[in-house]
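Peer 1: What follows is model.pdb; its format and atoms are PDB, C-alpha atoms.
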```pdb
MODEL        1
ATOM      1  CA  MET A1306      41.559  50.845 -37.931
ATOM      2  CA  TYR A1307      44.246  49.879 -35.468
ATOM      3  CA  ALA A1308      41.694  50.124 -32.586
ATOM      4  CA  ASP A1309      39.372  47.650 -34.360
ATOM      5  CA  LYS A1310      42.145  45.062 -34.529
ATOM      6  CA  ILE A1311      42.869  45.477 -30.810
ATOM      7  CA  GLN A1312      39.167  45.090 -29.972
ATOM      8  CA  SER A1313      38.826  41.864 -32.005
ATOM      9  CA  VAL A1314      41.945  40.407 -30.372
ATOM     10  CA  ARG A1315      40.568  41.200 -26.912
ATOM     11  CA  THR A1316      37.139  39.652 -27.359
ATOM     12  CA  LYS A1317      38.236  36.300 -28.751
ATOM     13  CA  PRO A1318      40.143  35.118 -25.614
ATOM     14  CA  ASP A1319      37.407  36.513 -23.358
ATOM     15  CA  ARG A1320      34.810  34.386 -25.119
ATOM     16  CA  LEU A1321      37.036  31.342 -24.868
ATOM     17  CA  ARG A1322      37.532  31.939 -21.137
ATOM     18  CA  ARG A1323      33.789  32.269 -20.545
ATOM     19  CA  GLY A1324      33.181  29.026 -22.435
ATOM     20  CA  THR A1325      35.841  27.261 -20.404
ATOM     21  CA  ALA A1326      34.323  28.504 -17.139
ATOM     22  CA  CYS A1327      30.862  27.296 -18.156
ATOM     23  CA  THR A1328      32.246  23.878 -19.082
ATOM     24  CA  GLU A1329      34.127  23.595 -15.781
ATOM     25  CA  ILE A1330      31.012  24.476 -13.795
ATOM     26  CA  ALA A1331      28.901  22.023 -15.814
ATOM     27  CA  ILE A1332      31.333  19.228 -14.981
ATOM     28  CA  CYS A1333      32.371  20.146 -11.420
ATOM     29  CA  LEU A1334      29.070  21.300  -9.913
ATOM     30  CA  PRO A1335      27.309  17.894 -10.010
ATOM     31  CA  VAL A1336      30.425  16.199  -8.634
ATOM     32  CA  LEU A1337      30.743  18.734  -5.807
ATOM     33  CA  THR A1338      27.032  18.396  -5.027
ATOM     34  CA  LEU A1339      27.334  14.612  -4.731
ATOM     35  CA  VAL A1340      30.427  14.909  -2.533
ATOM     36  CA  ILE A1341      28.802  17.450  -0.200
ATOM     37  CA  PHE A1342      25.469  15.646   0.195
ATOM     38  CA  GLY A1343      27.217  12.264   0.397
ATOM     39  CA  SER A1344      29.379  13.583   3.237
ATOM     40  CA  ILE A1345      26.304  14.875   5.052
ATOM     41  CA  GLU A1346      24.603  11.498   4.714
ATOM     42  CA  ILE A1347      27.670   9.596   5.921
ATOM     43  CA  CYS A1348      27.870  11.886   8.956
ATOM     44  CA  ASN A1349      24.171  11.280   9.680
ATOM     45  CA  VAL A1350      24.663   7.492   9.545
ATOM     46  CA  ILE A1351      27.721   7.739  11.827
ATOM     47  CA  HIS A1352      25.665   9.804  14.258
ATOM     48  CA  LEU A1353      22.871   7.209  14.153
ATOM     49  CA  LYS A1354      25.364   4.411  14.871
ATOM     50  CA  HIS A1355      26.809   6.402  17.783
ATOM     51  CA  THR A1356      23.327   7.031  19.199
ATOM     52  CA  LEU A1357      22.435   3.334  19.013
ATOM     53  CA  THR A1358      25.681   2.422  20.749
ATOM     54  CA  GLU A1359      25.022   5.019  23.453
ATOM     55  CA  ALA A1360      21.503   3.682  24.019
ATOM     56  CA  GLY A1361      22.823   0.125  24.231
ATOM     57  CA  TYR A1362      25.451   1.254  26.739
ATOM     58  CA  VAL A1363      22.752   2.858  28.911
ATOM     59  CA  GLY A1364      20.846  -0.437  28.817
ATOM     60  CA  ALA A1365      23.940  -2.455  29.745
ATOM     61  CA  LEU A1366      24.721  -0.010  32.542
ATOM     62  CA  TYR A1367      21.186  -0.394  33.884
ATOM     63  CA  ALA A1368      21.549  -4.180  33.633
ATOM     64  CA  SER A1369      24.476  -4.026  36.054
ATOM     65  CA  GLN A1370      22.116  -2.970  38.826
ATOM     66  CA  PRO A1371      20.893  -5.702  41.185
ATOM     67  CA  ARG A1372      17.532  -7.259  40.268
ATOM     68  CA  ALA A1373      17.302  -5.532  36.878
ATOM     69  CA  THR A1374      14.886  -7.220  34.481
ATOM     70  CA  GLU A1375      14.954  -7.551  30.718
ATOM     71  CA  ALA A1376      11.815  -5.421  30.350
ATOM     72  CA  GLU A1377      13.370  -2.616  32.410
ATOM     73  CA  ILE A1378      16.561  -2.713  30.329
ATOM     74  CA  ILE A1379      14.577  -2.445  27.102
ATOM     75  CA  GLN A1380      12.576   0.428  28.597
ATOM     76  CA  GLN A1381      15.783   2.302  29.482
ATOM     77  CA  VAL A1382      17.111   1.873  25.942
ATOM     78  CA  GLN A1383      13.789   2.999  24.434
ATOM     79  CA  THR A1384      13.852   6.092  26.656
ATOM     80  CA  VAL A1385      17.247   7.116  25.261
ATOM     81  CA  LEU A1386      16.130   6.416  21.690
ATOM     82  CA  SER A1387      12.961   8.476  22.176
ATOM     83  CA  ALA A1388      14.968  11.365  23.601
ATOM     84  CA  ARG A1389      17.178  11.291  20.472
ATOM     85  CA  ASP A1390      14.151  11.079  18.107
ATOM     86  CA  ILE A1391      15.110   7.657  16.768
ATOM     87  CA  VAL A1392      12.127   5.879  15.200
ATOM     88  CA  GLY A1393      11.696   2.307  14.029
ATOM     89  CA  ALA A1394      14.235   0.860  16.452
ATOM     90  CA  SER A1395      14.183  -2.621  17.911
ATOM     91  CA  VAL A1396      15.900  -3.615  21.147
ATOM     92  CA  SER A1397      16.711  -7.082  22.415
ATOM     93  CA  VAL A1398      18.695  -8.464  25.337
ATOM     94  CA  ASP A1399      20.328 -11.829  24.739
ATOM     95  CA  GLY A1400      22.115 -13.943  27.311
ATOM     96  CA  ASN A1401      23.844 -16.348  24.898
ATOM     97  CA  GLY A1402      20.571 -17.897  23.821
ATOM     98  CA  ALA A1403      18.837 -17.517  27.177
ATOM     99  CA  SER A1404      16.669 -14.762  28.582
ATOM    100  CA  PHE A1405      18.446 -12.122  30.650
ATOM    101  CA  ASP A1406      16.166 -12.869  33.605
ATOM    102  CA  VAL A1407      17.462 -16.449  33.983
ATOM    103  CA  LEU A1408      21.171 -15.635  33.759
ATOM    104  CA  ASP A1409      23.406 -16.161  36.769
ATOM    105  CA  ALA A1410      25.739 -13.500  38.121
ATOM    106  CA  GLY A1411      28.873 -13.071  36.010
ATOM    107  CA  GLN A1412      27.364 -14.394  32.779
ATOM    108  CA  LEU A1413      27.637 -12.339  29.618
ATOM    109  CA  PHE A1414      24.683 -10.679  27.942
ATOM    110  CA  THR A1415      24.338  -8.560  24.812
ATOM    111  CA  VAL A1416      22.110  -5.528  24.330
ATOM    112  CA  HIS A1417      21.306  -5.396  20.614
ATOM    113  CA  VAL A1418      19.846  -2.173  19.181
ATOM    114  CA  GLU A1419      18.850  -1.831  15.519
ATOM    115  CA  ALA A1420      17.206   1.058  13.653
ATOM    116  CA  THR A1421      16.203   1.740  10.075
ATOM    117  CA  VAL A1422      18.200   4.318   8.152
ATOM    118  CA  ALA A1423      15.276   5.701   6.152
ATOM    119  CA  GLY A1424      13.394   7.287   9.028
ATOM    120  CA  ASN A1425      16.405   8.522  10.953
ATOM    121  CA  VAL A1426      18.717  10.100   8.363
ATOM    122  CA  PHE A1427      17.697  13.501   7.123
ATOM    123  CA  GLY A1428      18.875  14.896   3.832
ATOM    124  CA  PRO A1429      17.699  15.762   0.360
ATOM    125  CA  ILE A1430      19.281  12.685  -1.213
ATOM    126  CA  GLN A1431      19.372   9.126   0.129
ATOM    127  CA  PHE A1432      22.677   7.460  -0.837
ATOM    128  CA  ALA A1433      22.602   4.653   1.713
ATOM    129  CA  THR A1434      22.520   1.235   0.114
ATOM    130  CA  PHE A1435      21.770  -0.504   3.404
ATOM    131  CA  ASN A1436      18.466  -0.463   5.258
ATOM    132  CA  SER A1437      19.476  -0.551   8.909
ATOM    133  CA  VAL A1438      22.225   0.235  11.384
ATOM    134  CA  GLU A1439      22.837  -1.861  14.476
ATOM    135  CA  ALA A1440      24.922  -1.773  17.627
ATOM    136  CA  ASP A1441      25.790  -4.426  20.200
ATOM    137  CA  VAL A1442      26.965  -3.793  23.751
ATOM    138  CA  VAL A1443      28.195  -6.696  25.878
ATOM    139  CA  GLY A1444      28.125  -6.767  29.670
ATOM    140  CA  HIS A1445      28.277  -9.054  32.719
ATOM    141  CA  LYS A1446      25.186  -9.665  34.805
ATOM    142  CA  GLN A1447      25.588  -8.470  38.366
ATOM    143  CA  GLU A1448      23.825  -9.609  41.514
TER     144      GLU A1448
ENDMDL
END
```
In structure tokens, write the structure found in this file.
Peer 2:
Amino acid sequence: MYADKIQSVRTKPDRLRRGTACTEIAICLPVLTLVIFGSIEICNVIHLKHTLTEAGYVGALYASQPRATEAEIIQQVQTVLSARDIVGASVSVDGNGASFDVLDAGQLFTVHVEATVAGNVFGPIQFATFNSVEADVVGHKQE
């Protein structure tokens, strides 16, 4: 009789603990999943931004060579983007409203690179509320 009382006392807290653990998992697991996949997506977008900036820098570096043309600069940027598997990107070279080819030595130009997030961020969930990421690199035209 005494053993029955001990057994009933033991099982009641065990059941309560199991119920508490199930409730904690039911609440915490979705939150943890969102935090983990959200962090992965943010890291992917940061990597995309870094890649676009790197490609723009390569274009600006190429533009510092004598007799570089706008088409060649865009080709250099596209080569970097292709090597990094970036799709849906657009590249433009702007010389403060004028074409790069007509700028004089010492004038500023901007290499603008923009890519869509959807085709370049890989993950099971898409959290991004914006459609594209862009980067601008400014340089001086050389002769």
Peer 1: Which of these, A:Val1398, A:Val1385, A:Cys1333, A:Ile1347, has the shortest distance to Glu1359 (chain A) once you count all atoms listed in the file?
Peer 2: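 Selected residue with least distance to Glu1359 (chain A): A:Val1385.
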Peer 1: What residues have an atom no more than 12 Å from (16.9, -0.2, 17.9) in the file's own frame, counting all atoms listed in the file, and can you write them as a VMD selection string?
Peer 2: chain A and resid 1353 to 1361 1364 1379 to 1387 1389 to 1398 1416 to 1422 1425 1437 to 1441
Peer 1: Find the residues near region 1405-1413 of chain A: any atom within 7 Å, counting all atoms listed in the file, skip ones fewer than 5 places away on the same chain, and give them as an NGL selection string.
Peer 2: :A and (1374-1375 or 1398-1400 or 1443-1448)
Peer 1: Kindly give the distance, in Å, that separates CA of Ala1376 (chain A) and CA of Ile1351 (chain A), rounded to a single decimal.
Peer 2: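 Going from CA of Ala1376 (chain A) over to CA of Ile1351 (chain A), I get 27.7 Å.
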Peer 1: So what do you get for CA of Ala1365 (chain A) versus CA of Phe1427 (chain A), distance-wise?
Peer 2: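 Pair CA of Ala1365 (chain A) / CA of Phe1427 (chain A) returns 28.4 Å.
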Peer 1: Work out how far apart CA of Gly1343 (chain A) and CA of Ala1388 (chain A) are and give it in Å to one decimal.
Peer 2: 26.3 Å
Peer 1: Padding of 6 Å on every side, edges along x, y and z, all listed atoms of region 1325-1331 of chain A included: what centre and edge lengths in Å, to one decimal, does that box have, as AutoDock Vina command-line options?
Peer 2:
```
--center_x 32.4 --center_y 25.3 --center_z -17.1 --size_x 18.9 --size_y 18.5 --size_z 18.6
```
